[in-house]
Every structure is written in C-alpha cells, then in structure tokens.
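Worksheet: the structure to be examined is printed underneath.
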Amino acid sequence: MATAEPSCDICMNLHVTKFASVWCSECEEAICEDCEKRHRIQKATKNHKTIPIEDYQELPLCITNINLECEDHNQKLDFYCSIHNEPCCTRCVSEKHKDCRELKPLSEVADGVKSSAAFSDLQDRVSDMSQVIGQLIQEKLNNKSNLQIQGTTIIDEVERVRKAVNKHLDTIQDELLTNHGDNDRQQRDNIDCLVD
C-alpha cells in the first residue's frame with residue numbers, strides 16, 4: 001500500500017478532509033477518530049472490527065485487493081458454502097444455495113480459520129519459506145562479495161605475472177643486445193684484421 005496518509009472516506013463524502021486512523025474491512029472504508037466513535041456505537045456497524053490504518057497499509061496487495069462483494073449481485077458476501085467452497089451473498093443463498101446445508105456466516109468461518117490446524121501449519125510453512133528465502137538472499141550476497149574479492153585477486157595476480165614476464169623479457173632483451181653488441185664488435189675486429 002502507499003505510505004501517504006489516507007483521508008477519512010466518510011468525511012470525504014461530506015466534502016471535509018480528515019486523516020483516517022482506522023480501516024473497516026466490512027465497510028471497506030478508511031475512518032477518522034471522530035467517525036470511528038460513531039461507527040462503534042451505531043447499530044449497523046458496532047460489531048465491525050477495525051484495524052489501525054498503519055497496519056492496513058502494511059498489508060500486501062493480494063490481501064487488500066480481495067473483493068468482498070458478490071460478482072453476480074454486487075452485494076456483501078455474508079455466507080460461506082462448504083459444499084461449493086465459495087463465499088456468497090444473501091441473494092446467492094436464496095438462488096443458488098437454497099438446498100445447501102453447509103452454509104455458515106462468513107464471520108464464523110473467518111474466526112475459525114486463524115485457530116485451525118491448517119492455518120497454523122500454513123503459518124509455519126510460510127515462516128520456514130521466509131527463513132529459506134532469507135538464507136538464499138544471504139548466500140547470493142555472499143557469492144556476490146566472493147566474486148568481487150576473487151575478481152580483485154585475479155586482476156592483482158594477472159598484473160603481478162605481467163610485471164614478472166615484462167621484467168624477464170627486459171632481461172632477455174638486455175642480454176641479447178649486449179651479446180649482439182659484443183658479437184658485432186668481435187666480427188668487425190675480425191674483418192678489420194683480415195682486411196689489414
């Protein structure tokens with residue numbers, strides 16, 4: 001989510017700008033402190049659970065983008081059909097799920113999810129995966145560091161060998177030039193002796 005402070009949706013409808021302090025997932029609205037007080041006492045919303053807006057902003061997009069309305073009827077999803085494994089609104093219940101005996105209020109199903117063994121197992125697996133990913137990232141960073149060190153070592157070694165080779169070639173060149181000079185002088189002396 002964006003880190004900018006969101007405005008209260010209720011106040012925005014009244015053309016007033018106030019910063020939101022909580023998020024109501026049932027209303028799908030950001031709410032300021034003043035509106036939250038009324039939200040907690042009104043009959044229709046007093047049982048709604050809110051979370052601090054900072055916590056909502058920390059949620060991944062895959063959570064915040066979950067549609068809480070029925071795609072067929074644009075009504076709030078209030079029930080869960082265990083037979084069809086799908087959430088449904090009141091119209092879906094009367095139209096498509098009237099014979100289903102495994103309908104439960106969505107709030108009950110959601111409350112039970114956090115305490116279920118499957119959820120606990122999923123949390124453990126996510127935690128394990130997170131640790132493995134952390135280790136892999138650390139290994140990659142170590143590999144990158146090792147590559148840089150090895151690269152520097154190789155460059156230093158190449159420069160050392162090149163200097164040694166250059167020094168050796170300089171020595172050979174000096175010897176050849178000296179020998180050539182000595183040889184040249186000796187040959188000239190020999191020629192001079194023959195000619196005289």
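Labels used: A, B, ... for chains in the order of the structure tokens, numbers from 1 for residues in each chain, and numbers from 1 for ligands as shown.
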Polymer residues at most 12 Å from Thr45 in chain A, only C-alpha atoms, same-chain spacing of 2 or more positions, as a ChimeraX atom specification: /A:24-28,35-43,47-50
Store the residues picked out above, limited to N, CA and C atoms, as a PDB file, in the first residue's frame.
```pdb
ATOM      1  N   CYS A  24     -11.967  -0.097   8.266  1.00  0.00           N
ATOM      2  CA  CYS A  24     -13.021  -1.084   8.493  1.00  0.00           C
ATOM      3  C   CYS A  24     -13.119  -1.934   7.234  1.00  0.00           C
ATOM      4  N   SER A  25     -12.788  -3.216   7.376  1.00  0.00           N
ATOM      5  CA  SER A  25     -12.805  -4.083   6.194  1.00  0.00           C
ATOM      6  C   SER A  25     -14.230  -4.430   5.781  1.00  0.00           C
ATOM      7  N   GLU A  26     -15.170  -4.359   6.722  1.00  0.00           N
ATOM      8  CA  GLU A  26     -16.561  -4.658   6.357  1.00  0.00           C
ATOM      9  C   GLU A  26     -17.174  -3.511   5.561  1.00  0.00           C
ATOM     10  N   CYS A  27     -16.873  -2.290   5.955  1.00  0.00           N
ATOM     11  CA  CYS A  27     -17.359  -1.125   5.206  1.00  0.00           C
ATOM     12  C   CYS A  27     -16.441  -0.814   4.029  1.00  0.00           C
ATOM     13  N   GLU A  28     -15.228  -1.351   4.071  1.00  0.00           N
ATOM     14  CA  GLU A  28     -14.188  -1.046   3.088  1.00  0.00           C
ATOM     15  C   GLU A  28     -13.942   0.451   3.020  1.00  0.00           C
ATOM     16  N   CYS A  35     -15.270   9.870  13.333  1.00  0.00           N
ATOM     17  CA  CYS A  35     -16.239   8.966  12.695  1.00  0.00           C
ATOM     18  C   CYS A  35     -16.175   7.570  13.305  1.00  0.00           C
ATOM     19  N   GLU A  36     -14.986   7.195  13.788  1.00  0.00           N
ATOM     20  CA  GLU A  36     -14.846   5.867  14.405  1.00  0.00           C
ATOM     21  C   GLU A  36     -15.707   5.760  15.661  1.00  0.00           C
ATOM     22  N   LYS A  37     -15.799   6.846  16.419  1.00  0.00           N
ATOM     23  CA  LYS A  37     -16.625   6.837  17.637  1.00  0.00           C
ATOM     24  C   LYS A  37     -18.076   6.519  17.282  1.00  0.00           C
ATOM     25  N   ARG A  38     -18.594   7.184  16.239  1.00  0.00           N
ATOM     26  CA  ARG A  38     -19.977   6.917  15.808  1.00  0.00           C
ATOM     27  C   ARG A  38     -20.085   5.509  15.218  1.00  0.00           C
ATOM     28  N   HIS A  39     -19.054   5.090  14.511  1.00  0.00           N
ATOM     29  CA  HIS A  39     -19.022   3.765  13.875  1.00  0.00           C
ATOM     30  C   HIS A  39     -19.149   2.661  14.927  1.00  0.00           C
ATOM     31  N   ARG A  40     -18.547   2.894  16.121  1.00  0.00           N
ATOM     32  CA  ARG A  40     -18.566   1.875  17.179  1.00  0.00           C
ATOM     33  C   ARG A  40     -19.891   1.818  17.940  1.00  0.00           C
ATOM     34  N   ILE A  41     -20.711   2.865  17.827  1.00  0.00           N
ATOM     35  CA  ILE A  41     -21.966   2.843  18.592  1.00  0.00           C
ATOM     36  C   ILE A  41     -23.217   2.653  17.732  1.00  0.00           C
ATOM     37  N   GLN A  42     -23.100   2.837  16.423  1.00  0.00           N
ATOM     38  CA  GLN A  42     -24.264   2.644  15.556  1.00  0.00           C
ATOM     39  C   GLN A  42     -24.600   1.161  15.473  1.00  0.00           C
ATOM     40  N   LYS A  43     -25.878   0.886  15.476  1.00  0.00           N
ATOM     41  CA  LYS A  43     -26.364  -0.492  15.478  1.00  0.00           C
ATOM     42  C   LYS A  43     -25.817  -1.301  14.299  1.00  0.00           C
ATOM     43  N   ASN A  47     -20.486  -3.883  15.577  1.00  0.00           N
ATOM     44  CA  ASN A  47     -19.750  -5.152  15.663  1.00  0.00           C
ATOM     45  C   ASN A  47     -18.656  -5.283  14.600  1.00  0.00           C
ATOM     46  N   HIS A  48     -18.488  -4.243  13.794  1.00  0.00           N
ATOM     47  CA  HIS A  48     -17.427  -4.276  12.785  1.00  0.00           C
ATOM     48  C   HIS A  48     -16.067  -4.205  13.478  1.00  0.00           C
ATOM     49  N   LYS A  49     -15.145  -4.983  12.972  1.00  0.00           N
ATOM     50  CA  LYS A  49     -13.785  -4.959  13.519  1.00  0.00           C
ATOM     51  C   LYS A  49     -12.941  -4.020  12.652  1.00  0.00           C
ATOM     52  N   THR A  50     -12.238  -3.123  13.327  1.00  0.00           N
ATOM     53  CA  THR A  50     -11.364  -2.187  12.617  1.00  0.00           C
ATOM     54  C   THR A  50      -9.906  -2.486  12.977  1.00  0.00           C
TER      55      THR A  50
END
```
Looking only at the backbone, which of the residues in range 58-144 of chain A does DSSP tag as helix (DSSP H, G or I), as a PyMOL selection string? chain A and resi 58+61-64+90-95+106-115+117-144
Output C-alpha atoms for every residue in that selection, as a PDB file, in the first residue's frame.
```
ATOM      1  CA  GLU A  58       1.355  -2.754   5.677  1.00  0.00           C
ATOM      2  CA  LEU A  61      -1.846  -6.063  -2.224  1.00  0.00           C
ATOM      3  CA  CYS A  62      -3.035  -9.668  -2.547  1.00  0.00           C
ATOM      4  CA  ILE A  63      -4.942  -9.116   0.730  1.00  0.00           C
ATOM      5  CA  THR A  64      -6.190  -5.562   0.201  1.00  0.00           C
ATOM      6  CA  THR A  90     -27.939 -13.352   0.599  1.00  0.00           C
ATOM      7  CA  ARG A  91     -29.288 -13.450  -2.975  1.00  0.00           C
ATOM      8  CA  CYS A  92     -26.883 -16.278  -3.879  1.00  0.00           C
ATOM      9  CA  VAL A  93     -28.143 -18.197  -0.826  1.00  0.00           C
ATOM     10  CA  SER A  94     -31.747 -17.914  -1.980  1.00  0.00           C
ATOM     11  CA  GLU A  95     -30.983 -18.531  -5.674  1.00  0.00           C
ATOM     12  CA  LEU A 106     -18.565 -15.812   6.748  1.00  0.00           C
ATOM     13  CA  SER A 107     -17.523 -14.142  10.021  1.00  0.00           C
ATOM     14  CA  GLU A 108     -17.675 -17.540  11.818  1.00  0.00           C
ATOM     15  CA  VAL A 109     -15.616 -19.209   9.118  1.00  0.00           C
ATOM     16  CA  ALA A 110     -13.056 -16.396   9.197  1.00  0.00           C
ATOM     17  CA  ASP A 111     -12.795 -16.537  13.004  1.00  0.00           C
ATOM     18  CA  GLY A 112     -12.240 -20.301  12.860  1.00  0.00           C
ATOM     19  CA  VAL A 113      -9.542 -20.053  10.209  1.00  0.00           C
ATOM     20  CA  LYS A 114      -6.954 -18.398  12.475  1.00  0.00           C
ATOM     21  CA  SER A 115      -7.336 -21.078  15.144  1.00  0.00           C
ATOM     22  CA  ALA A 117      -4.554 -26.538  12.470  1.00  0.00           C
ATOM     23  CA  ALA A 118      -4.369 -25.910   8.719  1.00  0.00           C
ATOM     24  CA  PHE A 119      -3.839 -22.181   9.291  1.00  0.00           C
ATOM     25  CA  SER A 120      -1.208 -22.884  11.933  1.00  0.00           C
ATOM     26  CA  ASP A 121       0.527 -25.304   9.556  1.00  0.00           C
ATOM     27  CA  LEU A 122       0.375 -22.709   6.779  1.00  0.00           C
ATOM     28  CA  GLN A 123       1.886 -20.082   9.084  1.00  0.00           C
ATOM     29  CA  ASP A 124       4.714 -22.485   9.974  1.00  0.00           C
ATOM     30  CA  ARG A 125       5.363 -23.259   6.309  1.00  0.00           C
ATOM     31  CA  VAL A 126       5.356 -19.566   5.384  1.00  0.00           C
ATOM     32  CA  SER A 127       7.768 -18.889   8.253  1.00  0.00           C
ATOM     33  CA  ASP A 128      10.026 -21.738   7.085  1.00  0.00           C
ATOM     34  CA  MET A 129       9.901 -20.480   3.495  1.00  0.00           C
ATOM     35  CA  SER A 130      10.698 -16.974   4.687  1.00  0.00           C
ATOM     36  CA  GLN A 131      13.771 -18.293   6.520  1.00  0.00           C
ATOM     37  CA  VAL A 132      14.890 -20.270   3.463  1.00  0.00           C
ATOM     38  CA  ILE A 133      14.420 -17.209   1.244  1.00  0.00           C
ATOM     39  CA  GLY A 134      16.410 -15.149   3.763  1.00  0.00           C
ATOM     40  CA  GLN A 135      19.207 -17.727   3.692  1.00  0.00           C
ATOM     41  CA  LEU A 136      19.198 -17.782  -0.120  1.00  0.00           C
ATOM     42  CA  ILE A 137      19.399 -13.999  -0.247  1.00  0.00           C
ATOM     43  CA  GLN A 138      22.310 -14.064   2.219  1.00  0.00           C
ATOM     44  CA  GLU A 139      24.066 -16.747   0.152  1.00  0.00           C
ATOM     45  CA  LYS A 140      23.623 -14.663  -3.010  1.00  0.00           C
ATOM     46  CA  LEU A 141      25.038 -11.601  -1.236  1.00  0.00           C
ATOM     47  CA  ASN A 142      27.986 -13.701  -0.006  1.00  0.00           C
ATOM     48  CA  ASN A 143      28.507 -15.046  -3.540  1.00  0.00           C
ATOM     49  CA  LYS A 144      28.488 -11.502  -4.910  1.00  0.00           C
TER      50      LYS A 144
END
```
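For the residues A:Ile154, A:Ile83, A:Ala44, A:Ile53, ranking by smallest atom-to-atom distance to Pro6 in chain A using only C-alpha atoms places A:Ile53 first.
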Could you pull out the strand (DSSP E or B) residues of range 24-105 of chain A, going by DSSP on the backbone, and write them as a ChimeraX atom specification? /A:24,29-31,50-52,69,76,79-81,86-88,103-105
10 Å contact set for Gln75 in chain A, only C-alpha atoms, chain neighbours under 2 positions out, as number ranges by chain: A: 68-73, 77-78, 88-92
